[in-house]
Structures are given as structure tokens and as C-alpha cells.
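K.L.:
Structure file entry_31.txt (compact mmCIF, C-alpha atoms) right here:
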```txt
# COMPACT_ATOMS: atom_id res chain seq x y z
CA MET A 1 0.00 0.00 0.00
CA LYS A 2 2.86 2.38 0.86
CA THR A 3 4.50 1.63 -2.51
CA ILE A 4 1.29 2.43 -4.40
CA LEU A 5 0.84 5.64 -2.41
CA LYS A 6 4.47 6.71 -2.99
CA THR A 7 4.16 5.95 -6.71
CA THR A 8 0.90 7.92 -6.94
CA VAL A 9 2.40 10.92 -5.10
CA LEU A 10 5.53 10.80 -7.29
CA ALA A 11 3.46 10.65 -10.48
CA ALA A 12 1.25 13.53 -9.33
CA THR A 13 4.34 15.60 -8.47
CA VAL A 14 5.90 15.01 -11.91
CA ILE A 15 2.65 15.93 -13.69
CA LEU A 16 2.08 19.08 -11.62
CA THR A 17 5.71 20.18 -11.98
CA ALA A 18 5.53 19.77 -15.75
CA ALA A 19 2.19 21.56 -15.90
CA PHE A 20 3.39 24.60 -13.97
CA THR A 21 6.94 24.73 -15.35
CA ASN A 22 6.01 25.06 -19.07
CA PRO A 23 2.33 25.89 -19.26
CA THR A 24 2.57 27.85 -22.52
CA LYS A 25 5.20 26.04 -24.64
CA THR A 26 3.79 25.35 -28.09
CA ILE A 27 4.94 24.29 -31.54
CA LYS A 28 3.76 26.21 -34.61
CA LYS A 29 4.10 23.98 -37.69
CA MET A 30 4.65 25.68 -41.01
CA ASN A 31 2.19 25.36 -43.87
CA VAL A 32 4.75 24.30 -46.47
CA THR A 33 2.42 24.77 -49.45
CA GLU A 34 1.76 28.43 -48.56
CA SER A 35 5.31 29.27 -47.43
CA THR A 36 7.76 30.60 -50.03
CA ILE A 37 11.52 30.88 -50.42
CA GLU A 38 12.70 33.05 -53.31
CA TRP A 39 16.39 33.24 -54.22
CA LYS A 40 18.44 35.69 -56.24
CA GLY A 41 22.01 35.25 -57.45
CA LYS A 42 24.00 38.01 -59.12
CA LYS A 43 26.78 37.97 -61.67
CA VAL A 44 28.72 40.69 -63.47
CA LEU A 45 26.32 40.85 -66.42
CA GLY A 46 23.03 40.38 -64.57
CA SER A 47 21.25 38.09 -62.18
CA HIS A 48 19.00 35.05 -61.94
CA ASN A 49 16.19 34.25 -59.55
CA GLY A 50 13.94 31.40 -58.61
CA THR A 51 12.38 29.43 -55.80
CA ILE A 52 13.18 26.60 -53.38
CA ASN A 53 10.55 24.62 -51.46
CA LEU A 54 10.29 24.36 -47.71
CA GLN A 55 10.10 20.64 -46.87
CA GLU A 56 9.09 21.06 -43.22
CA GLY A 57 9.47 23.48 -40.37
CA TYR A 58 8.22 24.72 -37.03
CA PHE A 59 8.64 27.48 -34.49
CA GLU A 60 8.95 26.77 -30.76
CA MET A 61 6.99 29.34 -28.79
CA ASP A 62 6.75 30.20 -25.11
CA GLY A 63 3.46 32.07 -24.98
CA ASN A 64 3.83 34.76 -27.66
CA ASN A 65 7.64 34.62 -27.65
CA LEU A 66 9.74 32.79 -30.22
CA THR A 67 12.31 30.56 -28.50
CA GLY A 68 13.47 28.13 -31.21
CA GLY A 69 12.62 26.16 -34.30
CA LYS A 70 13.86 24.05 -37.14
CA PHE A 71 13.42 24.30 -40.91
CA VAL A 72 14.33 21.86 -43.66
CA VAL A 73 14.62 23.08 -47.27
CA ASP A 74 14.30 20.67 -50.21
CA MET A 75 17.37 21.58 -52.27
CA THR A 76 16.26 19.25 -55.08
CA SER A 77 13.37 21.66 -55.70
CA ILE A 78 15.58 24.56 -56.88
CA THR A 79 13.87 26.22 -59.82
CA VAL A 80 14.79 29.17 -62.02
CA THR A 81 11.93 31.60 -62.69
CA ASP A 82 13.60 34.20 -64.94
CA LEU A 83 14.46 31.81 -67.81
CA LYS A 84 12.48 29.44 -70.03
CA GLY A 85 13.13 26.37 -72.10
CA GLU A 86 16.61 24.94 -72.53
CA SER A 87 18.36 27.81 -70.68
CA LYS A 88 16.11 27.26 -67.66
CA GLY A 89 16.83 23.52 -67.61
CA LYS A 90 20.58 24.02 -68.00
CA LEU A 91 20.81 26.50 -65.12
CA GLU A 92 18.63 24.39 -62.84
CA GLY A 93 20.81 21.36 -63.59
CA HIS A 94 23.97 23.34 -62.95
CA LEU A 95 22.67 24.71 -59.61
CA LYS A 96 21.84 21.15 -58.53
CA SER A 97 25.26 19.83 -59.61
CA ASP A 98 28.38 19.54 -57.44
CA ASP A 99 29.59 22.89 -58.88
CA PHE A 100 26.93 24.51 -56.74
CA PHE A 101 24.66 22.75 -54.20
CA GLY A 102 25.37 19.06 -54.95
CA VAL A 103 21.78 18.02 -54.27
CA GLU A 104 22.43 14.34 -54.97
CA GLN A 105 24.68 14.17 -51.89
CA HIS A 106 23.01 17.05 -50.01
CA PRO A 107 19.28 16.96 -50.81
CA THR A 108 18.34 19.25 -47.90
CA ALA A 109 19.58 22.37 -46.14
CA THR A 110 18.57 23.17 -42.57
CA LEU A 111 18.18 26.11 -40.25
CA VAL A 112 17.97 25.55 -36.50
CA ILE A 113 16.91 28.53 -34.40
CA ASN A 114 18.82 28.49 -31.11
CA SER A 115 17.49 31.76 -29.67
CA ALA A 116 15.46 34.82 -30.54
CA ALA A 117 15.33 38.26 -28.92
CA LYS A 118 12.40 40.62 -29.48
CA ASN A 119 13.15 43.88 -31.24
CA ALA A 120 11.01 46.73 -32.62
CA ASP A 121 9.63 44.81 -35.62
CA GLY A 122 9.92 41.18 -34.57
CA TYR A 123 12.99 39.23 -33.56
CA MET A 124 16.76 39.09 -33.85
CA VAL A 125 17.22 35.37 -34.53
CA SER A 126 20.40 33.37 -33.88
CA GLY A 127 20.88 29.86 -35.14
CA ASP A 128 22.86 27.42 -37.22
CA ILE A 129 22.46 26.97 -40.96
CA THR A 130 23.64 23.87 -42.81
CA ILE A 131 24.22 23.96 -46.57
CA LYS A 132 26.08 21.30 -48.52
CA GLY A 133 27.13 19.54 -45.30
CA THR A 134 28.69 22.63 -43.68
CA THR A 135 27.11 24.15 -40.56
CA LEU A 136 27.77 27.77 -39.58
CA PRO A 137 26.17 30.27 -37.19
CA ILE A 138 23.76 32.84 -38.61
CA THR A 139 21.99 35.89 -37.19
CA PHE A 140 19.15 37.76 -38.91
CA ASP A 141 16.09 39.95 -38.31
CA MET A 142 12.66 38.39 -38.75
CA ASP A 143 9.25 40.07 -38.71
CA MET A 144 6.44 38.00 -37.21
CA THR A 145 2.65 38.29 -36.99
CA ASP A 146 0.03 35.87 -35.64
CA ASN A 147 0.23 33.58 -38.67
CA MET A 148 3.23 34.66 -40.76
CA ALA A 149 6.96 35.40 -40.49
CA THR A 150 9.17 37.10 -43.09
CA THR A 151 12.88 37.66 -43.46
CA SER A 152 15.52 38.49 -46.04
CA LEU A 153 18.94 36.89 -45.83
CA LYS A 154 22.24 37.30 -47.63
CA ILE A 155 24.37 34.17 -47.52
CA ASP A 156 28.00 33.89 -48.59
CA ARG A 157 27.90 30.67 -50.60
CA THR A 158 31.70 30.26 -50.55
CA LYS A 159 31.59 29.58 -46.80
CA PHE A 160 29.57 26.45 -47.67
CA ASN A 161 32.04 25.23 -50.30
CA VAL A 162 29.98 26.60 -53.20
CA ARG A 163 32.81 28.34 -55.04
CA TYR A 164 32.00 27.97 -58.74
CA GLY A 165 32.61 31.25 -60.58
CA SER A 166 33.71 33.08 -57.42
CA GLY A 167 36.15 35.93 -57.98
CA SER A 168 37.38 35.31 -54.42
CA PHE A 169 38.82 31.94 -55.45
CA PHE A 170 39.43 32.09 -59.20
CA ASP A 171 41.37 34.63 -61.28
CA ASN A 172 40.57 35.91 -64.76
CA LEU A 173 36.82 35.17 -64.67
CA GLY A 174 36.00 38.58 -66.10
CA ASP A 175 32.33 38.82 -67.10
CA ASN A 176 31.75 35.26 -65.86
CA THR A 177 32.29 36.19 -62.19
CA ILE A 178 29.37 35.25 -59.93
CA SER A 179 28.75 37.09 -56.66
CA ASP A 180 29.72 35.18 -53.52
CA ASN A 181 26.46 36.22 -51.86
CA PHE A 182 23.01 35.02 -52.76
CA GLU A 183 19.82 36.46 -51.37
CA LEU A 184 16.79 34.71 -49.90
CA ASP A 185 13.37 36.28 -49.34
CA VAL A 186 11.42 33.99 -47.05
CA THR A 187 7.71 34.03 -46.16
CA LEU A 188 6.61 31.41 -43.63
CA LYS A 189 2.92 30.74 -43.08
CA PHE A 190 1.68 28.81 -40.05
```
Output the file's structure in the form of C-alpha cells.

P.N.:
Amino acid sequence: MKTILKTTVLAATVILTAAFTNPTKTIKKMNVTESTIEWKGKKVLGSHNGTINLQEGYFEMDGNNLTGGKFVVDMTSITVTDLKGESKGKLEGHLKSDDFFGVEQHPTATLVINSAAKNADGYMVSGDITIKGTTLPITFDMDMTDNMATTSLKIDRTKFNVRYGSGSFFDNLGDNTISDNFELDVTLKF
């Protein structure tokens, strides 16, 4: 009888402690079909742009405060939206090749949010981003409403071993030089 009573008291203590310790922790899953990731890459004689699909993602919330999260991007879904026909197919194939993102070996990229601090418009987010098997810290501003978050990022691709056409690594590229940075405009719906 004492064992049953001790077990019951212990179980009640664990349940009550958990209930009062984190009463407002929630997960906000992303609606991947309504979320968008648009990319832009620049070169000496112009630029190209397109989209990449969000595979899955969520925010960790404590009440109304962002505390963490994780996002997985389907790198095999890279598309080019400023070209058509054969040129479009060639560039998409090249971006998916080992010269760029090597999607056969690295089909996803991830962002893990480690912390977020409120600011005037939303949050200053700190986390780790993994592209092509390399993980590095990242910090960026993100605006957030009740059902949507938006951000714009500039990422130095060369830090992730994506060096094709980079003037930082290759000489005499001339008009074929591609900017080390690419831009992402992200809209997350949840």
C-alpha cells in the first residue's frame, strides 16, 4: 500500500511540476504549401532568380515569444523563374550539380533557431544553418505576426564550399564572375 501511495504521489508531483513549469510552450508547424523561399544570385552581367521549397518546419513558442525552431529546405526543388526552355533547364541542372549545391549528396539544407530576442519589428534570430554539409552560425532579423513570419537573408555561398565562378577563389573570370552572396526572401505561413 505504501508503494502504491508513494508511486501515486511521485506521479502527481511530476505531472504538476511539468504543468506549472512550461504551461505555454507550443509548436507552430509551417504550412509548407503556402510558405515561399525566393532566391536571387548576381553575376557581373546580370542576375537570376527562382524558388526553393520548404520541406518542413516549425517554431517553438513560449506564450507569444519565439524561443526556437527548425526548418528543412528541399534543395532538389531549386527552380529558375527568370528563364524558359533549354536555358532554364541548363541553369537548374547546374545549380543542382556539385559545382553549386550538390543536391544528390546534399538533398536538404537546414536552419535551426537556437534563440530569438524581441526587437522593434519582430525578432533578432540566432541559429545554425547547414548547406552542402557545412554548418555555420547565422543571425538575422525576422518580422512575425500571428500567422506569418518574413525575413531576407544574404548568404555567402563560398563559406559552404559553393565556389564555382567566385572571384574570391578564381582569377581571370571577367564577365563570368558570380557574386559570392546570394539572397533569400522567405515568407513562412503557419

K.L.:
One decimal, Å: what's the distance from atom CA of A:Met124 over to atom CA of A:Lys40, could you say?

P.N.:
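About the pair atom CA of A:Met124 and atom CA of A:Lys40: they are 22.7 Å apart.
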
K.L.:
Which protein, DNA or RNA residues have an atom at most 7 Å from (23.3, 21.1, -50.0), counting only C-alpha atoms? List them as a ChimeraX atom specification.

P.N.:
/A:75,101-103,106-109,131-133

K.L.:
Pick from A:Val112, A:Met61, A:Ile155, A:Val162: nearest to A:Glu183, with only C-alpha atoms counted?

P.N.:
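Of A:Val112, A:Met61, A:Ile155, A:Val162, the one nearest A:Glu183, counting only C-alpha atoms, is A:Ile155.
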
K.L.:
Would you mind reading off the distance between atom CA of A:Met144 and atom CA of A:Lys159, one decimal, in Å?

P.N.:
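The value is 28.2 Å.
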
K.L.:
With all atoms listed in the file as the atoms that count, which of A:Leu184, A:Leu66, A:Ile113, A:Val44 lies nearest to A:Thr145?

P.N.:
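Closest candidate: A:Leu66.
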
K.L.:
Report, in Å with one decimal, the straight-line distance from atom CA of A:Ile37 to atom CA of A:Leu188.

P.N.:
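Spanning atom CA of A:Ile37 to atom CA of A:Leu188 is a straight-line distance of 8.4 Å.
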
K.L.:
Would you mind telling me which residue in A:Leu95, A:Asn49, A:Lys88, A:Glu38 lies nearest to A:Val73 when using all atoms listed in the file?

P.N.:
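Smallest distance to A:Val73 is found for A:Glu38.
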
K.L.:
When you count only C-alpha atoms, which of these residues is closest to A:Gly165: A:Ala117, A:Asp180, A:Thr36, A:Asp141?

P.N.:
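Counting only C-alpha atoms, the residue closest to A:Gly165 is A:Asp180.
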
K.L.:
Could you name the residues that touch A:Ser47 at 12 Å or less, counting only C-alpha atoms, but leaving out those on the same chain fewer than 5 positions away, as a JSON list (two decimals) with C-alpha atoms, keeping the file's coordinate frame?

P.N.:
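out_12.json, freshly written:
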```json
[["chain", "number", "residue", "atom", "x", "y", "z"],
["A", 39, "TRP", "CA", 16.39, 33.24, -54.22],
["A", 40, "LYS", "CA", 18.44, 35.69, -56.24],
["A", 41, "GLY", "CA", 22.01, 35.25, -57.45],
["A", 42, "LYS", "CA", 24.00, 38.01, -59.12],
["A", 80, "VAL", "CA", 14.79, 29.17, -62.02],
["A", 81, "THR", "CA", 11.93, 31.60, -62.69],
["A", 82, "ASP", "CA", 13.60, 34.20, -64.94],
["A", 83, "LEU", "CA", 14.46, 31.81, -67.81],
["A", 91, "LEU", "CA", 20.81, 26.50, -65.12],
["A", 176, "ASN", "CA", 31.75, 35.26, -65.86],
["A", 177, "THR", "CA", 32.29, 36.19, -62.19],
["A", 178, "ILE", "CA", 29.37, 35.25, -59.93],
["A", 179, "SER", "CA", 28.75, 37.09, -56.66],
["A", 181, "ASN", "CA", 26.46, 36.22, -51.86],
["A", 182, "PHE", "CA", 23.01, 35.02, -52.76],
["A", 183, "GLU", "CA", 19.82, 36.46, -51.37]]
```

K.L.:
I need the residue nearest A:Glu92 from this list: A:Asp143, A:Thr26, A:Ala116, A:Ile78. Use all atoms listed in the file for the distance.

P.N.:
A:Ile78

K.L.:
Restricting the calculation to all atoms listed in the file: of A:Asp74, A:Lys154, A:Gly69, A:Phe100, which residue gets closest to A:Ser126?

P.N.:
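Checking each of A:Asp74, A:Lys154, A:Gly69, A:Phe100 against A:Ser126, counting all atoms listed in the file, the winner is A:Gly69.
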